[in-house]
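**Student:** Have a look at this one.
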Amino acid sequence: LVLVISLVVIIKIVGAHKEENYTGTARAAELQNVTADYGIPFGKDGKATAVQEGLPQVGIYADYMCSHCTVLHHEAKEAYKEHENAGDVQLIQHPVAIMRTEFSELGAAAVFYVATYAPDSFGDFNDALFAKSYDIMSEKSEPPSAEEIARIA
C-alpha cells in the first residue's frame, strides 16, 4: 500500500512538473539498481539488481506503447526468465518513451521507481505493464491512467 501511495504521489508530482503553470522545484531522484545510461539490470526471479560484472550484458530497449516491443516481450518472456535464473547473461531493461504517450512516460517512470524502492517486484511489475500493453494492442483495453498504473503496482 505504501508503494502504491508513493507511486501515485510521484506520478502526480512528475505530471504537475510537465504543466506550464508549475511553480515548484524539481528534485533529482536517488535511483538505485539503475545504470548510468538508465538501464535496469535484473537477475534471478526478475529482481532489479546492480550490474553483475563478468557476465555478458543484453540490453532490452522498450516502450510500453510500442507494439513491436510488446510482442517481443510477450514472445521472449520465457527465454528472459531462463537466462535470469541460469545467471548466464545480465539482462538490462532500458525503459524508453519513444511513442511519446502518457503510458510510455508514466510506465517508464514507474519502473524506475519500482527498481529503486521495490527491486524484488521489478520483474512482476514489468510483466504486468507489458500484459496491459498486450491488452491495449489487442484492443481489449485502453491505456492506463496514473491511478491504474499505481493499482498495477
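Naming scheme: A, B, ... for chains in displayed order of the C-alpha cells; residues 1 onward per chain; ligands 1 onward as shown.
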Which parts of region 62-126 of chain A does DSSP call alpha helix (DSSP H) when run on the backbone here, written out as a VMD selection string?
**Tutor:** chain A and resid 67 to 86 102 to 117 122 to 126
**Student:** As a list of chain:residue names, please: every residue in region 37-153 of chain A that a backbone DSSP assignment puts in strand (DSSP E).
**Tutor:**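 Put together, the selection reads A:Ile40, A:Pro41, A:Phe42, A:Gln57, A:Val58, A:Gly59, A:Ile60, A:Tyr61, A:Ala62, A:Gln90, A:Leu91, A:Ile92, A:Gln93, A:His94, A:Pro95.
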**Student:** The selected residues should be written to file as a PDB file, in the first residue's frame (atoms: N, CA and C atoms).
**Tutor:**
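Saved as out_9.pdb:
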```
ATOM      1  N   ILE A  40      17.962  -0.865 -16.339  1.00  0.00           N
ATOM      2  CA  ILE A  40      17.632  -1.535 -15.075  1.00  0.00           C
ATOM      3  C   ILE A  40      18.097  -2.981 -15.189  1.00  0.00           C
ATOM      4  N   PRO A  41      19.267  -3.306 -14.592  1.00  0.00           N
ATOM      5  CA  PRO A  41      19.742  -4.689 -14.626  1.00  0.00           C
ATOM      6  C   PRO A  41      18.831  -5.558 -13.759  1.00  0.00           C
ATOM      7  N   PHE A  42      18.515  -6.729 -14.269  1.00  0.00           N
ATOM      8  CA  PHE A  42      17.728  -7.630 -13.443  1.00  0.00           C
ATOM      9  C   PHE A  42      18.292  -9.027 -13.558  1.00  0.00           C
ATOM     10  N   GLN A  57      26.253  -8.747 -21.223  1.00  0.00           N
ATOM     11  CA  GLN A  57      25.071  -7.918 -20.985  1.00  0.00           C
ATOM     12  C   GLN A  57      24.212  -7.852 -22.238  1.00  0.00           C
ATOM     13  N   VAL A  58      22.908  -8.020 -22.046  1.00  0.00           N
ATOM     14  CA  VAL A  58      21.939  -7.922 -23.134  1.00  0.00           C
ATOM     15  C   VAL A  58      20.986  -6.784 -22.792  1.00  0.00           C
ATOM     16  N   GLY A  59      21.049  -5.715 -23.587  1.00  0.00           N
ATOM     17  CA  GLY A  59      20.171  -4.570 -23.367  1.00  0.00           C
ATOM     18  C   GLY A  59      18.864  -4.740 -24.110  1.00  0.00           C
ATOM     19  N   ILE A  60      17.774  -4.437 -23.428  1.00  0.00           N
ATOM     20  CA  ILE A  60      16.435  -4.532 -23.998  1.00  0.00           C
ATOM     21  C   ILE A  60      15.826  -3.136 -23.904  1.00  0.00           C
ATOM     22  N   TYR A  61      15.645  -2.483 -25.037  1.00  0.00           N
ATOM     23  CA  TYR A  61      15.057  -1.144 -25.073  1.00  0.00           C
ATOM     24  C   TYR A  61      13.585  -1.307 -25.427  1.00  0.00           C
ATOM     25  N   ALA A  62      12.707  -0.769 -24.576  1.00  0.00           N
ATOM     26  CA  ALA A  62      11.284  -0.987 -24.805  1.00  0.00           C
ATOM     27  C   ALA A  62      10.439   0.161 -24.296  1.00  0.00           C
ATOM     28  N   GLN A  90      23.511 -11.004 -18.176  1.00  0.00           N
ATOM     29  CA  GLN A  90      22.874  -9.927 -17.408  1.00  0.00           C
ATOM     30  C   GLN A  90      21.916  -9.220 -18.348  1.00  0.00           C
ATOM     31  N   LEU A  91      20.639  -9.336 -18.080  1.00  0.00           N
ATOM     32  CA  LEU A  91      19.626  -8.637 -18.864  1.00  0.00           C
ATOM     33  C   LEU A  91      19.451  -7.241 -18.276  1.00  0.00           C
ATOM     34  N   ILE A  92      19.359  -6.237 -19.157  1.00  0.00           N
ATOM     35  CA  ILE A  92      19.219  -4.858 -18.697  1.00  0.00           C
ATOM     36  C   ILE A  92      18.077  -4.210 -19.476  1.00  0.00           C
ATOM     37  N   GLN A  93      17.012  -3.903 -18.769  1.00  0.00           N
ATOM     38  CA  GLN A  93      15.832  -3.261 -19.363  1.00  0.00           C
ATOM     39  C   GLN A  93      16.075  -1.762 -19.435  1.00  0.00           C
ATOM     40  N   HIS A  94      15.885  -1.179 -20.608  1.00  0.00           N
ATOM     41  CA  HIS A  94      16.004   0.266 -20.800  1.00  0.00           C
ATOM     42  C   HIS A  94      14.614   0.796 -21.135  1.00  0.00           C
ATOM     43  N   PRO A  95      13.884   1.304 -20.131  1.00  0.00           N
ATOM     44  CA  PRO A  95      12.566   1.859 -20.417  1.00  0.00           C
ATOM     45  C   PRO A  95      12.717   3.151 -21.221  1.00  0.00           C
TER      46      PRO A  95
END
```
**Student:** Identify, on the basis of only C-alpha atoms, every residue whose closest approach to region 135-145 of chain A does not exceed 9 Å; exclude the query and any residue fewer than 3 positions from it along the same chain; express the result as an MDAnalysis selection string.
**Tutor:** chainID A and resid 65:67 70 102:103 106 130:132 148:150
**Student:** Can you spit out the residues from that selection as an mmCIF file, in the first residue's frame, using C-alpha atoms?
**Tutor:**
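That gives us part.cif:
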```
data_model
loop_
_atom_site.group_PDB
_atom_site.id
_atom_site.type_symbol
_atom_site.label_atom_id
_atom_site.label_comp_id
_atom_site.auth_asym_id
_atom_site.auth_seq_id
_atom_site.Cartn_x
_atom_site.Cartn_y
_atom_site.Cartn_z
ATOM 1 C CA MET A 65 3.085 1.556 -26.046
ATOM 2 C CA CYS A 66 5.304 0.142 -28.795
ATOM 3 C CA SER A 67 3.549 -2.783 -30.470
ATOM 4 C CA THR A 70 5.158 -5.615 -26.581
ATOM 5 C CA GLU A 102 1.257 9.221 -21.351
ATOM 6 C CA PHE A 103 1.515 5.458 -20.740
ATOM 7 C CA LEU A 106 4.361 7.092 -16.787
ATOM 8 C CA PHE A 130 3.556 -5.414 -20.750
ATOM 9 C CA ALA A 131 0.432 -7.527 -20.176
ATOM 10 C CA LYS A 132 -1.539 -4.274 -20.081
ATOM 11 C CA GLU A 148 -4.343 2.467 -12.906
ATOM 12 C CA ILE A 149 -0.567 2.119 -13.106
ATOM 13 C CA ALA A 150 -0.459 2.588 -9.329
#
```
**Student:** Figure out the distance between CA of Phe122 (chain A) and CA of Ala153 (chain A), please, to one decimal in Å.
**Tutor:**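 We find that CA of Ala153 (chain A) and CA of Phe122 (chain A) lie 9.5 Å from each other.
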**Student:** Just checking: using only C-alpha atoms, which residue out of A:Gly107, A:Gly46, A:Gly39, A:Gly123 ends up closest to Gly87 (chain A)?
**Tutor:**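 Among the listed residues, A:Gly46 lies closest to Gly87 (chain A).
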**Student:** Could you tell me how far CA of Leu55 (chain A) lies from CA of Val89 (chain A), in Å and to one decimal?
**Tutor:**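 Separation between CA of Leu55 (chain A) and CA of Val89 (chain A): 5.3 Å.
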**Student:** CA of Asp63 (chain A) to CA of Val96 (chain A): how many Å, to one decimal?
**Tutor:**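 Taking CA of Asp63 (chain A) and CA of Val96 (chain A), their separation equals 5.0 Å.
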**Student:** Using only C-alpha atoms, which of A:Tyr38, A:Arg151, A:Asp45, A:Ser133 sits nearest Ala86 (chain A)?
**Tutor:**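 Nearest candidate to Ala86 (chain A) out of A:Tyr38, A:Arg151, A:Asp45, A:Ser133: A:Asp45.
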**Student:** Which residues are close to Asn85 (chain A), i.e. within 7 Å by only C-alpha atoms, leaving aside same-chain residues fewer than 4 positions away? Reply as a ChimeraX atom specification.
**Tutor:** /A:43-45,81
**Student:** Take the residues that were just selected and, keeping all heavy atoms, output them as a PDB file, in the first residue's frame.
**Tutor:**
```pdb
ATOM      1  N   GLY A  43      18.045  -9.787 -12.526  1.00  0.00           N
ATOM      2  CA  GLY A  43      18.605 -11.129 -12.450  1.00  0.00           C
ATOM      3  C   GLY A  43      17.576 -12.128 -11.991  1.00  0.00           C
ATOM      4  O   GLY A  43      16.413 -12.053 -12.358  1.00  0.00           O
ATOM      5  N   LYS A  44      18.022 -13.036 -11.164  1.00  0.00           N
ATOM      6  CA  LYS A  44      17.201 -14.157 -10.722  1.00  0.00           C
ATOM      7  C   LYS A  44      15.823 -13.693 -10.252  1.00  0.00           C
ATOM      8  O   LYS A  44      15.703 -12.755  -9.478  1.00  0.00           O
ATOM      9  CB  LYS A  44      17.919 -14.901  -9.599  1.00  0.00           C
ATOM     10  CG  LYS A  44      17.341 -16.256  -9.331  1.00  0.00           C
ATOM     11  CD  LYS A  44      18.251 -17.078  -8.459  1.00  0.00           C
ATOM     12  CE  LYS A  44      17.744 -18.492  -8.492  1.00  0.00           C
ATOM     13  NZ  LYS A  44      18.753 -19.471  -8.586  1.00  0.00           N
ATOM     14  N   ASP A  45      14.811 -14.372 -10.763  1.00  0.00           N
ATOM     15  CA  ASP A  45      13.413 -14.089 -10.418  1.00  0.00           C
ATOM     16  C   ASP A  45      12.978 -12.671 -10.770  1.00  0.00           C
ATOM     17  O   ASP A  45      12.043 -12.142 -10.181  1.00  0.00           O
ATOM     18  CB  ASP A  45      13.148 -14.386  -8.939  1.00  0.00           C
ATOM     19  CG  ASP A  45      13.395 -15.850  -8.591  1.00  0.00           C
ATOM     20  OD1 ASP A  45      13.068 -16.717  -9.431  1.00  0.00           O
ATOM     21  OD2 ASP A  45      13.926 -16.123  -7.511  1.00  0.00           O
ATOM     22  N   LYS A  81      13.348 -15.301 -18.627  1.00  0.00           N
ATOM     23  CA  LYS A  81      13.310 -15.946 -17.312  1.00  0.00           C
ATOM     24  C   LYS A  81      14.341 -17.073 -17.211  1.00  0.00           C
ATOM     25  O   LYS A  81      14.983 -17.236 -16.179  1.00  0.00           O
ATOM     26  CB  LYS A  81      11.909 -16.461 -17.009  1.00  0.00           C
ATOM     27  CG  LYS A  81      10.928 -15.337 -16.743  1.00  0.00           C
ATOM     28  CD  LYS A  81       9.583 -15.845 -16.320  1.00  0.00           C
ATOM     29  CE  LYS A  81       8.546 -14.760 -16.220  1.00  0.00           C
ATOM     30  NZ  LYS A  81       8.875 -13.569 -15.528  1.00  0.00           N
TER      31      LYS A  81
END
```
